[in-house]
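Student: run06.cif is the file, holding mmCIF, C-alpha atoms and all ligand atoms:
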data_final
#
loop_
_atom_site.label_atom_id
_atom_site.label_comp_id
_atom_site.auth_asym_id
_atom_site.auth_seq_id
_atom_site.Cartn_x
_atom_site.Cartn_y
_atom_site.Cartn_z
CA MET Y 1 139.87 63.18 -52.26
CA SER Y 2 140.15 59.76 -50.70
CA THR Y 3 139.66 59.35 -46.99
CA ILE Y 4 141.80 57.14 -44.80
CA ARG Y 5 140.28 55.84 -41.62
CA SER Y 6 142.40 54.96 -38.65
CA GLY Y 7 139.64 53.05 -36.88
CA ALA Y 8 137.78 49.94 -38.06
CA GLY Y 9 134.52 51.88 -38.19
CA GLY Y 10 132.33 49.21 -36.66
CA THR Y 11 131.94 45.73 -35.28
CA ARG Y 12 132.97 42.74 -37.39
CA ASN Y 13 129.45 42.14 -38.67
CA ILE Y 14 128.60 45.82 -39.18
CA SER Y 15 131.25 47.28 -41.49
CA GLY Y 16 134.28 46.53 -39.29
CA THR Y 17 135.58 43.58 -41.34
CA SER Y 18 138.35 44.87 -43.62
CA ASN Y 19 140.58 43.20 -46.20
CA PRO Y 20 143.67 43.46 -43.95
CA LEU Y 21 141.78 41.72 -41.15
CA VAL Y 22 140.66 38.87 -43.39
CA GLU Y 23 144.20 38.59 -44.75
CA LEU Y 24 145.53 38.45 -41.18
CA GLU Y 25 143.17 35.59 -40.34
CA GLY Y 26 144.46 33.70 -43.38
CA GLU Y 27 148.04 34.28 -42.28
CA LEU Y 28 147.29 33.00 -38.76
CA ALA Y 29 145.49 29.89 -39.97
CA ASP Y 30 148.53 29.15 -42.13
CA LEU Y 31 150.93 29.85 -39.23
CA HIS Y 32 149.37 27.07 -37.17
CA GLY Y 33 148.42 24.80 -40.08
CA LYS Y 34 144.70 25.13 -39.29
CA GLU Y 35 141.65 25.57 -41.51
CA ALA Y 36 140.64 28.94 -40.11
CA ALA Y 37 141.41 31.70 -37.62
CA LEU Y 38 139.46 34.38 -35.81
CA VAL Y 39 140.95 37.68 -34.61
CA PHE Y 40 139.85 39.47 -31.43
CA THR Y 41 140.80 42.83 -29.98
CA SER Y 42 143.17 41.25 -27.45
CA GLY Y 43 144.56 37.92 -26.32
CA PHE Y 44 142.57 38.31 -23.13
CA VAL Y 45 139.31 38.65 -25.06
CA SER Y 46 140.19 35.74 -27.34
CA ASN Y 47 140.59 33.41 -24.35
CA GLU Y 48 137.62 34.69 -22.42
CA ALA Y 49 135.29 34.65 -25.43
CA SER Y 50 136.45 31.39 -27.02
CA ILE Y 51 136.71 29.15 -23.95
CA SER Y 52 133.34 30.30 -22.64
CA THR Y 53 131.62 29.93 -26.01
CA ILE Y 54 133.05 26.53 -26.91
CA ALA Y 55 132.25 25.10 -23.48
CA LYS Y 56 128.73 26.54 -23.56
CA LEU Y 57 128.05 25.00 -26.97
CA LEU Y 58 129.16 21.51 -25.94
CA PRO Y 59 126.33 19.88 -23.97
CA ASN Y 60 127.30 19.15 -20.35
CA CYS Y 61 130.91 20.06 -21.05
CA LEU Y 62 133.52 19.50 -18.35
CA ILE Y 63 136.44 21.95 -18.50
CA ILE Y 64 139.71 20.55 -17.19
CA SER Y 65 142.11 23.42 -16.56
CA ASP Y 66 145.77 23.69 -15.46
CA GLU Y 67 145.99 25.37 -12.06
CA LEU Y 68 148.41 28.02 -13.34
CA ASN Y 69 146.36 29.15 -16.31
CA HIS Y 70 146.22 32.86 -17.07
CA ALA Y 71 143.42 35.06 -15.71
CA SER Y 72 141.89 35.38 -19.20
CA MET Y 73 141.44 31.60 -19.39
CA ILE Y 74 140.03 31.49 -15.87
CA GLU Y 75 137.50 34.15 -16.91
CA GLY Y 76 136.55 32.05 -19.93
CA VAL Y 77 136.04 29.00 -17.73
CA ARG Y 78 133.98 31.02 -15.28
CA ARG Y 79 131.79 32.69 -17.90
CA SER Y 80 131.03 29.37 -19.57
CA GLY Y 81 129.04 28.26 -16.53
CA ALA Y 82 130.34 24.74 -17.24
CA GLU Y 83 131.57 22.41 -14.53
CA LYS Y 84 135.33 22.70 -14.09
CA LYS Y 85 138.08 20.56 -12.62
CA ILE Y 86 141.58 21.91 -11.98
CA PHE Y 87 144.60 19.69 -12.52
CA ARG Y 88 147.87 20.31 -10.69
CA HIS Y 89 150.31 22.30 -12.80
CA ASN Y 90 151.66 20.17 -15.67
CA ASP Y 91 150.68 17.00 -13.74
CA VAL Y 92 149.57 14.52 -16.42
CA ALA Y 93 148.81 11.77 -13.90
CA HIS Y 94 146.35 14.06 -12.15
CA LEU Y 95 144.89 15.12 -15.50
CA GLU Y 96 144.41 11.47 -16.43
CA ARG Y 97 142.53 10.74 -13.21
CA LEU Y 98 140.14 13.61 -13.96
CA LEU Y 99 139.62 12.44 -17.55
CA GLN Y 100 139.03 8.87 -16.42
CA ALA Y 101 136.48 9.97 -13.83
CA ALA Y 102 134.56 11.97 -16.44
CA GLY Y 103 134.36 9.00 -18.82
CA ARG Y 104 134.82 8.84 -22.60
CA GLU Y 105 131.31 9.91 -23.51
CA ARG Y 106 131.13 13.22 -21.68
CA ALA Y 107 132.25 16.34 -23.61
CA LYS Y 108 135.57 17.52 -22.17
CA LEU Y 109 137.77 20.54 -22.92
CA ILE Y 110 141.36 20.57 -21.63
CA VAL Y 111 142.69 24.14 -21.37
CA PHE Y 112 146.37 24.86 -20.79
CA GLU Y 113 149.31 27.03 -21.86
CA SER Y 114 152.47 26.06 -23.70
CA VAL Y 115 154.87 28.47 -21.95
CA TYR Y 116 153.98 29.57 -18.42
CA SER Y 117 155.41 33.04 -18.12
CA MET Y 118 156.09 33.24 -14.41
CA ASP Y 119 158.39 30.19 -14.16
CA GLY Y 120 159.34 29.94 -17.84
CA ASP Y 121 158.41 26.25 -17.91
CA ILE Y 122 156.77 24.35 -20.77
CA ALA Y 123 153.72 22.10 -20.61
CA PRO Y 124 154.09 18.37 -21.42
CA ILE Y 125 152.05 18.98 -24.57
CA LYS Y 126 152.63 15.57 -26.17
CA ALA Y 127 151.50 13.72 -23.06
CA ILE Y 128 148.42 15.94 -22.74
CA VAL Y 129 147.53 15.41 -26.40
CA GLU Y 130 147.87 11.65 -26.03
CA LEU Y 131 145.57 11.68 -23.02
CA ALA Y 132 143.07 13.86 -24.88
CA GLU Y 133 143.04 11.38 -27.76
CA ARG Y 134 142.70 8.39 -25.42
CA TYR Y 135 139.85 9.90 -23.40
CA ASN Y 136 138.11 11.71 -26.25
CA ALA Y 137 138.66 15.28 -25.05
CA MET Y 138 139.13 18.54 -26.97
CA THR Y 139 142.32 20.55 -26.39
CA TYR Y 140 142.74 24.33 -26.16
CA ILE Y 141 146.26 25.73 -25.81
CA ASP Y 142 147.37 29.30 -25.08
CA GLU Y 143 150.63 29.97 -26.98
CA VAL Y 144 150.77 33.67 -26.04
CA HIS Y 145 154.33 33.44 -24.71
CA ALA Y 146 155.58 31.29 -27.57
CA VAL Y 147 154.16 32.51 -30.90
CA GLY Y 148 156.79 34.24 -33.00
CA MET Y 149 159.49 33.02 -30.61
CA TYR Y 150 159.43 29.21 -31.02
CA GLY Y 151 158.97 26.86 -33.95
CA PRO Y 152 160.70 27.11 -37.33
CA ARG Y 153 158.08 29.64 -38.55
CA GLY Y 154 157.15 31.12 -35.19
CA GLY Y 155 154.14 28.85 -34.75
CA GLY Y 156 155.01 28.29 -31.09
CA ILE Y 157 155.94 25.22 -29.07
CA THR Y 158 153.24 23.15 -30.78
CA GLU Y 159 154.98 23.82 -34.10
CA ARG Y 160 158.43 23.16 -32.66
CA GLU Y 161 157.27 19.80 -31.30
CA GLY Y 162 155.23 18.87 -34.38
CA LEU Y 163 152.01 18.74 -32.38
CA ALA Y 164 149.94 21.58 -33.84
CA ASP Y 165 147.74 19.26 -35.88
CA ARG Y 166 146.85 17.25 -32.77
CA ILE Y 167 145.59 20.28 -30.82
CA ASP Y 168 142.04 21.44 -31.51
CA ILE Y 169 142.37 25.14 -30.77
CA ILE Y 170 145.58 27.16 -30.69
CA GLU Y 171 145.29 30.64 -29.21
CA GLY Y 172 147.83 33.46 -29.38
CA THR Y 173 148.44 37.19 -29.07
CA LEU Y 174 149.57 39.72 -31.64
CA ALA Y 175 150.84 41.96 -28.83
CA LYS Y 176 154.02 40.24 -27.66
CA ALA Y 177 156.51 38.82 -30.19
CA PHE Y 178 154.44 40.18 -33.11
CA GLY Y 179 154.64 43.66 -31.59
CA THR Y 180 151.13 44.97 -32.36
CA LEU Y 181 147.76 44.39 -30.69
CA GLY Y 182 145.02 41.78 -30.73
CA GLY Y 183 144.51 38.09 -30.06
CA TYR Y 184 143.26 35.09 -32.01
CA ILE Y 185 142.26 31.48 -32.11
CA THR Y 186 142.87 28.96 -34.88
CA GLY Y 187 141.17 25.62 -35.46
CA THR Y 188 138.77 23.84 -37.77
CA SER Y 189 136.32 25.96 -39.77
CA ALA Y 190 133.48 24.47 -37.73
CA VAL Y 191 134.95 25.59 -34.39
CA ILE Y 192 135.89 29.02 -35.74
CA ASP Y 193 132.42 29.55 -37.22
CA ALA Y 194 130.81 28.50 -33.94
CA VAL Y 195 132.84 31.06 -31.98
CA ARG Y 196 132.27 33.70 -34.70
CA SER Y 197 128.52 33.13 -34.48
CA TYR Y 198 128.06 32.93 -30.70
CA ALA Y 199 130.83 34.79 -28.82
CA PRO Y 200 129.62 38.19 -27.53
CA GLY Y 201 133.27 39.25 -27.07
CA PHE Y 202 133.74 38.82 -30.81
CA ILE Y 203 130.40 40.12 -32.05
CA PHE Y 204 129.63 43.18 -29.94
CA THR Y 205 132.85 45.19 -30.11
CA THR Y 206 134.64 47.30 -32.69
CA ALA Y 207 136.96 45.29 -34.90
CA LEU Y 208 140.73 45.62 -34.93
CA PRO Y 209 141.67 48.62 -37.15
CA PRO Y 210 142.97 47.77 -40.65
CA ALA Y 211 146.37 49.40 -40.02
CA ILE Y 212 146.96 47.25 -36.94
CA ALA Y 213 145.84 44.14 -38.82
CA ALA Y 214 148.20 44.95 -41.71
CA ALA Y 215 151.09 45.57 -39.28
CA ALA Y 216 150.43 42.25 -37.56
CA THR Y 217 150.38 40.40 -40.90
CA THR Y 218 153.71 41.99 -41.90
CA SER Y 219 155.23 40.98 -38.58
CA ILE Y 220 153.95 37.38 -38.76
CA ARG Y 221 155.18 37.05 -42.36
CA HIS Y 222 158.59 38.36 -41.38
CA LEU Y 223 158.92 35.97 -38.45
CA LYS Y 224 157.76 33.04 -40.58
CA ARG Y 225 160.79 33.57 -42.80
CA SER Y 226 163.38 34.98 -40.41
CA GLN Y 227 165.00 32.76 -37.79
CA ALA Y 228 167.52 35.47 -36.81
CA GLU Y 229 165.37 37.04 -34.08
CA ARG Y 230 164.51 33.67 -32.51
CA ASP Y 231 168.15 32.57 -32.50
CA ALA Y 232 169.33 35.88 -31.06
CA GLN Y 233 166.72 35.81 -28.32
CA GLN Y 234 167.62 32.25 -27.29
CA GLN Y 235 171.31 33.10 -27.37
CA GLN Y 236 170.93 36.24 -25.25
CA ALA Y 237 168.56 34.51 -22.82
CA SER Y 238 171.00 31.65 -22.22
CA ARG Y 239 173.87 34.13 -21.95
CA THR Y 240 171.90 36.07 -19.33
CA LYS Y 241 171.24 32.87 -17.34
CA GLN Y 242 174.92 31.85 -17.50
CA ILE Y 243 176.34 35.24 -16.57
CA LEU Y 244 173.96 35.84 -13.68
CA ALA Y 245 174.46 32.31 -12.32
CA ALA Y 246 178.24 32.69 -12.61
CA ALA Y 247 177.96 35.80 -10.43
CA GLY Y 248 176.28 33.62 -7.79
CA LEU Y 249 172.81 35.10 -8.33
CA PRO Y 250 169.93 32.65 -7.66
CA VAL Y 251 168.73 32.13 -11.24
CA MET Y 252 165.71 29.80 -11.24
CA GLU Y 253 165.60 26.92 -13.71
CA SER Y 254 163.68 27.83 -16.85
CA ALA Y 255 163.28 26.05 -20.17
CA THR Y 256 162.59 29.24 -22.10
CA HIS Y 257 163.68 32.83 -22.72
CA ILE Y 258 162.17 33.80 -19.35
CA VAL Y 259 164.83 34.27 -16.64
CA PRO Y 260 163.42 34.37 -13.09
CA VAL Y 261 165.82 35.35 -10.30
CA LEU Y 262 164.77 34.33 -6.80
CA VAL Y 263 164.50 36.96 -4.07
CA GLY Y 264 162.24 35.03 -1.70
CA ASP Y 265 160.75 38.01 0.12
CA PRO Y 266 158.04 40.39 -1.16
CA GLU Y 267 159.41 43.59 0.34
CA LEU Y 268 162.98 42.92 -0.77
CA CYS Y 269 161.65 42.03 -4.21
CA LYS Y 270 159.90 45.39 -4.57
CA MET Y 271 162.92 47.21 -3.13
CA ALA Y 272 165.23 45.43 -5.57
CA SER Y 273 163.03 46.43 -8.49
CA ASP Y 274 162.90 50.06 -7.26
CA ARG Y 275 166.66 50.17 -6.78
CA LEU Y 276 167.36 48.72 -10.21
CA LEU Y 277 165.24 51.47 -11.75
CA GLY Y 278 166.24 54.35 -9.46
CA VAL Y 279 169.97 53.68 -9.23
CA HIS Y 280 170.72 51.73 -12.40
CA GLY Y 281 168.00 52.81 -14.85
CA ILE Y 282 166.93 49.19 -15.43
CA TYR Y 283 163.26 48.22 -15.25
CA ILE Y 284 162.55 44.65 -14.11
CA GLN Y 285 159.18 43.65 -12.68
CA PRO Y 286 158.94 42.32 -9.12
CA ILE Y 287 156.70 39.25 -9.07
CA ASN Y 288 155.03 38.70 -5.71
CA TYR Y 289 152.16 36.63 -4.23
CA PRO Y 290 149.50 35.77 -5.44
CA THR Y 291 151.14 35.70 -8.86
CA VAL Y 292 153.74 33.29 -7.44
CA PRO Y 293 153.68 31.26 -4.19
CA ARG Y 294 154.90 33.01 -1.03
CA GLY Y 295 158.63 32.54 -0.48
CA THR Y 296 159.31 32.39 -4.25
CA GLU Y 297 159.05 36.13 -4.90
CA ARG Y 298 161.31 36.94 -7.80
CA LEU Y 299 162.52 39.36 -10.43
CA ARG Y 300 161.50 38.26 -13.89
CA ILE Y 301 163.85 39.10 -16.74
CA THR Y 302 162.87 38.60 -20.38
CA PRO Y 303 165.85 39.20 -22.65
CA THR Y 304 165.07 40.19 -26.23
CA PRO Y 305 167.23 39.82 -29.35
CA PHE Y 306 168.21 43.46 -28.82
CA HIS Y 307 169.79 43.00 -25.39
CA SER Y 308 173.48 43.09 -26.32
CA ASP Y 309 176.34 41.42 -24.46
CA ALA Y 310 177.25 44.83 -23.01
CA LEU Y 311 173.72 45.32 -21.67
CA ILE Y 312 173.79 41.86 -20.08
CA ALA Y 313 177.11 42.66 -18.39
CA GLN Y 314 175.61 45.92 -17.14
CA LEU Y 315 172.62 43.99 -15.79
CA GLN Y 316 174.90 41.61 -13.91
CA ASP Y 317 176.74 44.50 -12.24
CA ALA Y 318 173.46 46.19 -11.32
CA LEU Y 319 172.01 43.02 -9.83
CA VAL Y 320 175.15 42.29 -7.80
CA GLU Y 321 175.17 45.86 -6.47
CA THR Y 322 171.48 45.54 -5.57
CA TRP Y 323 171.92 42.13 -3.92
CA ASP Y 324 174.80 43.51 -1.82
CA ALA Y 325 173.04 46.76 -0.93
CA LEU Y 326 169.85 45.00 0.20
CA GLY Y 327 171.45 41.88 1.67
CA ILE Y 328 169.53 39.48 -0.58
CA PRO Y 329 170.85 35.88 -0.36
CA TYR Y 330 173.00 34.57 -3.20
CA GLY Y 331 173.07 30.89 -4.15
CA SER Y 332 171.51 28.39 -6.46
CA ALA Y 333 167.72 28.58 -6.75
CA GLY Y 334 167.04 25.35 -8.64
CA ARG Y 335 163.60 24.61 -9.91
CA PRO Y 336 160.78 27.00 -9.06
CA ALA Y 337 158.56 25.58 -6.33
CA VAL Y 338 155.36 24.18 -7.78
CA ALA Y 339 152.65 26.59 -6.82
CA LYS Y 340 150.27 25.53 -4.12
CA THR Y 341 146.73 24.80 -5.12
CA ASP Y 342 145.58 27.87 -3.22
CA ARG Y 343 146.79 29.83 -6.23
CA ILE Y 344 143.65 28.85 -8.06
CA ILE Y 345 141.42 30.57 -5.55
CA PRO Y 346 142.31 33.81 -7.25
CA LEU Y 347 139.42 33.73 -9.62
CA LEU Y 348 138.91 36.98 -7.75
CA VAL Y 349 142.59 37.82 -7.46
CA PRO Y 350 143.81 36.90 -10.93
CA LYS Y 351 147.40 36.51 -12.02
CA SER Y 352 148.89 39.81 -12.97
CA GLY Y 353 149.32 40.43 -16.66
CA GLY Y 354 151.56 38.47 -18.82
N1 LIG Y 401 147.43 34.61 -22.10
C1 LIG Y 401 148.55 34.72 -21.36
C2 LIG Y 401 149.23 33.48 -20.89
C3 LIG Y 401 149.07 35.98 -21.02
O1 LIG Y 401 150.18 36.09 -20.28
C4 LIG Y 401 148.40 37.14 -21.48
C5 LIG Y 401 148.94 38.47 -21.12
O2 LIG Y 401 149.18 39.36 -21.80
C6 LIG Y 401 147.23 36.97 -22.25
C7 LIG Y 401 146.78 35.70 -22.53
C8 LIG Y 401 146.46 38.14 -22.76
O3 LIG Y 401 147.01 38.59 -23.97
P1 LIG Y 401 146.84 40.11 -24.42
O4 LIG Y 401 147.87 40.91 -23.70
O5 LIG Y 401 147.00 40.11 -25.89
O6 LIG Y 401 145.45 40.53 -24.00
#
Could you render the structure as structure tokens?
Ligand code: PLP
Tutor:
Amino acid sequence: MSTIRSGAGGTRNISGTSNPLVELEGELADLHGKEAALVFTSGFVSNEASISTIAKLLPNCLIISDELNHASMIEGVRRSGAEKKIFRHNDVAHLERLLQAAGRERAKLIVFESVYSMDGDIAPIKAIVELAERYNAMTYIDEVHAVGMYGPRGGGITEREGLADRIDIIEGTLAKAFGTLGGYITGTSAVIDAVRSYAPGFIFTTALPPAIAAAATTSIRHLKRSQAERDAQQQQASRTKQILAAAGLPVMESATHIVPVLVGDPELCKMASDRLLGVHGIYIQPINYPTVPRGTERLRITPTPFHSDALIAQLQDALVETWDALGIPYGSAGRPAVAKTDRIIPLLVPKSGG
């Protein structure tokens, strides 16, 4: 009788490495056009373990980090023990000043995201890459909110913009568009081997189970070939933006599938979310301070390819009823306010999950 195990059975180095996991790493390296990939048990762990390990291994490394980076990246920066500088969100001029001040010779790691999930904005990746090349810095990008959803094969914004080969490390999750669990980094074999050999978050924990790895591989392969889901998501996201804006709801500007709707008050925001669930059976997260700056509290809507036109119409009616019932202001919201720098204090009060 053969036995089938549901768990990995051990850490990566002690019997936990399975064929499906190795196959998954090959699939991920190919997705981003990199030499190698390394899978972790979550996206959070991949950021925390990789950023801290890479920065520790580079002598006197300076980490230069976008002020709106996710809590998992902040943890990686903190655990590295390296000196850090924070640049204002997506502000390449500020980033350049920090790079200039550090000088060409010092080891530097720029860490940033492609899609920022609270505002739905996209980093100026090309400009950041050009600066990194000019000032001799390494680049680490979190594509958690883009993999599977952007790029002709789902390789994220870096694939869509033809920049993947100019970024040193591309990180992603298997738990959002790919629908399973786990996180990963991709890069050169040298970087991947360094993280494999030194990151406690990779070494001292049970590996991803083979069934999950196989499911992730199937999902990635499907999304490499199928554009239908990406097209449908973009179509339904822009339809949602149009329909809500036409109803006078304060839809905030967003360059992605993320649709933030401004409430501007934390209590009303929570009440709106409760009412949408209690009265209309629709679950939408309220996003309050410190995740977003005070006064920009919002509902965050993330349409999927499976949100039909009828569901979007139903959402519009529910939001209008909620806005009227609670007296929330209508009107155009424009661009989301750039977060104040006090948002980076929350090393101790991290951004809520993704
Ligand atoms: N990076 C970003 C930008 C996120 O929003 C999240 C949240 O899920 C993560 C990393 C962590 O990924 P995972 O959920 O796979 O741990």
Student: Taking all atoms listed in the file into account, list the residues no farther than 9 Å from ligand LIG 401 (chain Y), as a count of residues only.
Tutor: 36
Student: Y:His257, Y:Tyr135, Y:Glu267, Y:Leu57: which is nearest Tyr289 of chain Y, counting only C-alpha atoms?
Tutor: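 Using only C-alpha atoms, the shortest distance to Tyr289 of chain Y belongs to Y:Glu267.
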Student: Please report the interatomic distance between atom CA of Ile125 of chain Y and atom CA of Asn90 of chain Y in Å with one decimal.
Tutor: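 Between atom CA of Ile125 of chain Y and atom CA of Asn90 of chain Y the gap works out to 9.0 Å.
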Student: Would you list the residues near (168.6, 40.1, -30.9), meaning any protein, DNA or RNA residue with an atom at most 10 Å from that point in file coordinates, counting all atoms listed in the file, as a list in words?
Tutor: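 Nearby residues: Ala228, Glu229, Arg230, Asp231, Ala232, Gln233, Gln234, Gln235, Gln236, Ala237, Pro303, Thr304, Pro305, Phe306, His307 and Ser308 of chain Y.
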Student: Save the residues we just selected, C-alpha atoms, as a PDB file, keeping the file's coordinate frame?
Tutor:
ATOM      1  CA  ALA Y 228     167.520  35.470 -36.810  1.00  0.00           C
ATOM      2  CA  GLU Y 229     165.370  37.040 -34.080  1.00  0.00           C
ATOM      3  CA  ARG Y 230     164.510  33.670 -32.510  1.00  0.00           C
ATOM      4  CA  ASP Y 231     168.150  32.570 -32.500  1.00  0.00           C
ATOM      5  CA  ALA Y 232     169.330  35.880 -31.060  1.00  0.00           C
ATOM      6  CA  GLN Y 233     166.720  35.810 -28.320  1.00  0.00           C
ATOM      7  CA  GLN Y 234     167.620  32.250 -27.290  1.00  0.00           C
ATOM      8  CA  GLN Y 235     171.310  33.100 -27.370  1.00  0.00           C
ATOM      9  CA  GLN Y 236     170.930  36.240 -25.250  1.00  0.00           C
ATOM     10  CA  ALA Y 237     168.560  34.510 -22.820  1.00  0.00           C
ATOM     11  CA  PRO Y 303     165.850  39.200 -22.650  1.00  0.00           C
ATOM     12  CA  THR Y 304     165.070  40.190 -26.230  1.00  0.00           C
ATOM     13  CA  PRO Y 305     167.230  39.820 -29.350  1.00  0.00           C
ATOM     14  CA  PHE Y 306     168.210  43.460 -28.820  1.00  0.00           C
ATOM     15  CA  HIS Y 307     169.790  43.000 -25.390  1.00  0.00           C
ATOM     16  CA  SER Y 308     173.480  43.090 -26.320  1.00  0.00           C
TER      17      SER Y 308
END
Student: Could you check which of Y:Ala325, Y:Leu38, Y:Ser52, Y:Ile284 is closest to Pro260 of chain Y, using only C-alpha atoms?
Tutor: Y:Ile284
Student: Show me, as a list in words, the residues that have an atom within 12 Å of Gln242 of chain Y when counting all atoms listed in the file, minus same-chain residues fewer than 3 positions from it.
Tutor: Gln235, Gln236, Ala237, Ser238, Arg239, Ala245, Ala246, Ala247, Gly248, Leu249, Pro250, Val251, Met252, Glu253, Ser254, Val259, Asp309, Ile312, Ala313 and Gln316 of chain Y
Student: Generate the output file for the selected residues, C-alpha atoms, as a compact mmCIF listing (two decimals), in the coordinates of the input.
Tutor:
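Contents of the output file again_4.txt:
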# COMPACT_ATOMS: atom_id res chain seq x y z
CA GLN Y 235 171.31 33.10 -27.37
CA GLN Y 236 170.93 36.24 -25.25
CA ALA Y 237 168.56 34.51 -22.82
CA SER Y 238 171.00 31.65 -22.22
CA ARG Y 239 173.87 34.13 -21.95
CA ALA Y 245 174.46 32.31 -12.32
CA ALA Y 246 178.24 32.69 -12.61
CA ALA Y 247 177.96 35.80 -10.43
CA GLY Y 248 176.28 33.62 -7.79
CA LEU Y 249 172.81 35.10 -8.33
CA PRO Y 250 169.93 32.65 -7.66
CA VAL Y 251 168.73 32.13 -11.24
CA MET Y 252 165.71 29.80 -11.24
CA GLU Y 253 165.60 26.92 -13.71
CA SER Y 254 163.68 27.83 -16.85
CA VAL Y 259 164.83 34.27 -16.64
CA ASP Y 309 176.34 41.42 -24.46
CA ILE Y 312 173.79 41.86 -20.08
CA ALA Y 313 177.11 42.66 -18.39
CA GLN Y 316 174.90 41.61 -13.91
Student: So, with only C-alpha atoms as the atoms that count, which of Y:Gly148, Y:Gly7, Y:Gly327, Y:Gly76 lies closest to Ser50 of chain Y?
Tutor: Y:Gly76
Student: Applying 9 Å and only C-alpha atoms, which residues near Leu299 of chain Y remain after dropping the ones on its own chain fewer than 4 positions away? List them as a ChimeraX atom specification.
Tutor: /Y:259-263,269-270,272-273,284-288
Student: Let me make sure I understand: among Y:Thr158, Y:Thr240, Y:Thr217, Y:Ser197, which one has the smallest atom-to-atom distance to Lys126 of chain Y if we use all atoms listed in the file?
Tutor: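 Between Y:Thr158, Y:Thr240, Y:Thr217, Y:Ser197, the residue approaching Lys126 of chain Y most closely is Y:Thr158.
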Student: To one decimal place, how far is atom CA of His89 of chain Y from atom CA of Thr186 of chain Y in Å?
Tutor: 24.2 Å
Student: When you draw a straight line from atom CA of Thr256 of chain Y to atom CA of Asp165 of chain Y, how long is it in Å?
Tutor: 22.6 Å
Student: Between Y:His280, Y:His94, Y:Arg12, Y:Arg104, which has the minimum distance to Ser65 of chain Y (counting only C-alpha atoms)?
Tutor: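 Answer, going by the shortest atom-to-atom distance: Y:His94.
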Student: Can you pull out every residue within 10 Å of Asp193 of chain Y, counting only C-alpha atoms, but drop anything in the same chain fewer than 6 positions away, and send it as a list in words?
Tutor: Ala36, Ala37, Leu38 and Gly187 of chain Y
Student: So that I can check the surroundings of Pro152 of chain Y, please list as a PyMOL selection string every protein, DNA and RNA residue that reaches within 8 Å of it, counting only C-alpha atoms and ignoring chain neighbours fewer than 6 positions away.
Tutor: chain Y and resi 159-160+224+227
Student: Would you mind telling me which residue in Y:Thr322, Y:Ser332, Y:Thr218, Y:Thr296 lies nearest to Glu27 of chain Y when using only C-alpha atoms?
Tutor: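 Among Y:Thr322, Y:Ser332, Y:Thr218, Y:Thr296, it is Y:Thr218 that comes nearest to Glu27 of chain Y.
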Student: Please return as a PyMOL selection string every residue within 6 Å of (138.4, 22.9, -18.8), taking into account all atoms listed in the file and the file's own coordinates.
Tutor: chain Y and resi 62-65+84+109-111
Student: Can you tell me, as number ranges by chain, what residues are no more than 12 Å from Leu58 of chain Y when counting all atoms listed in the file, ignoring any on the same chain fewer than 6 positions away?
Tutor: Y: 51-52, 80-83, 106-109, 137-138, 191, 194-195
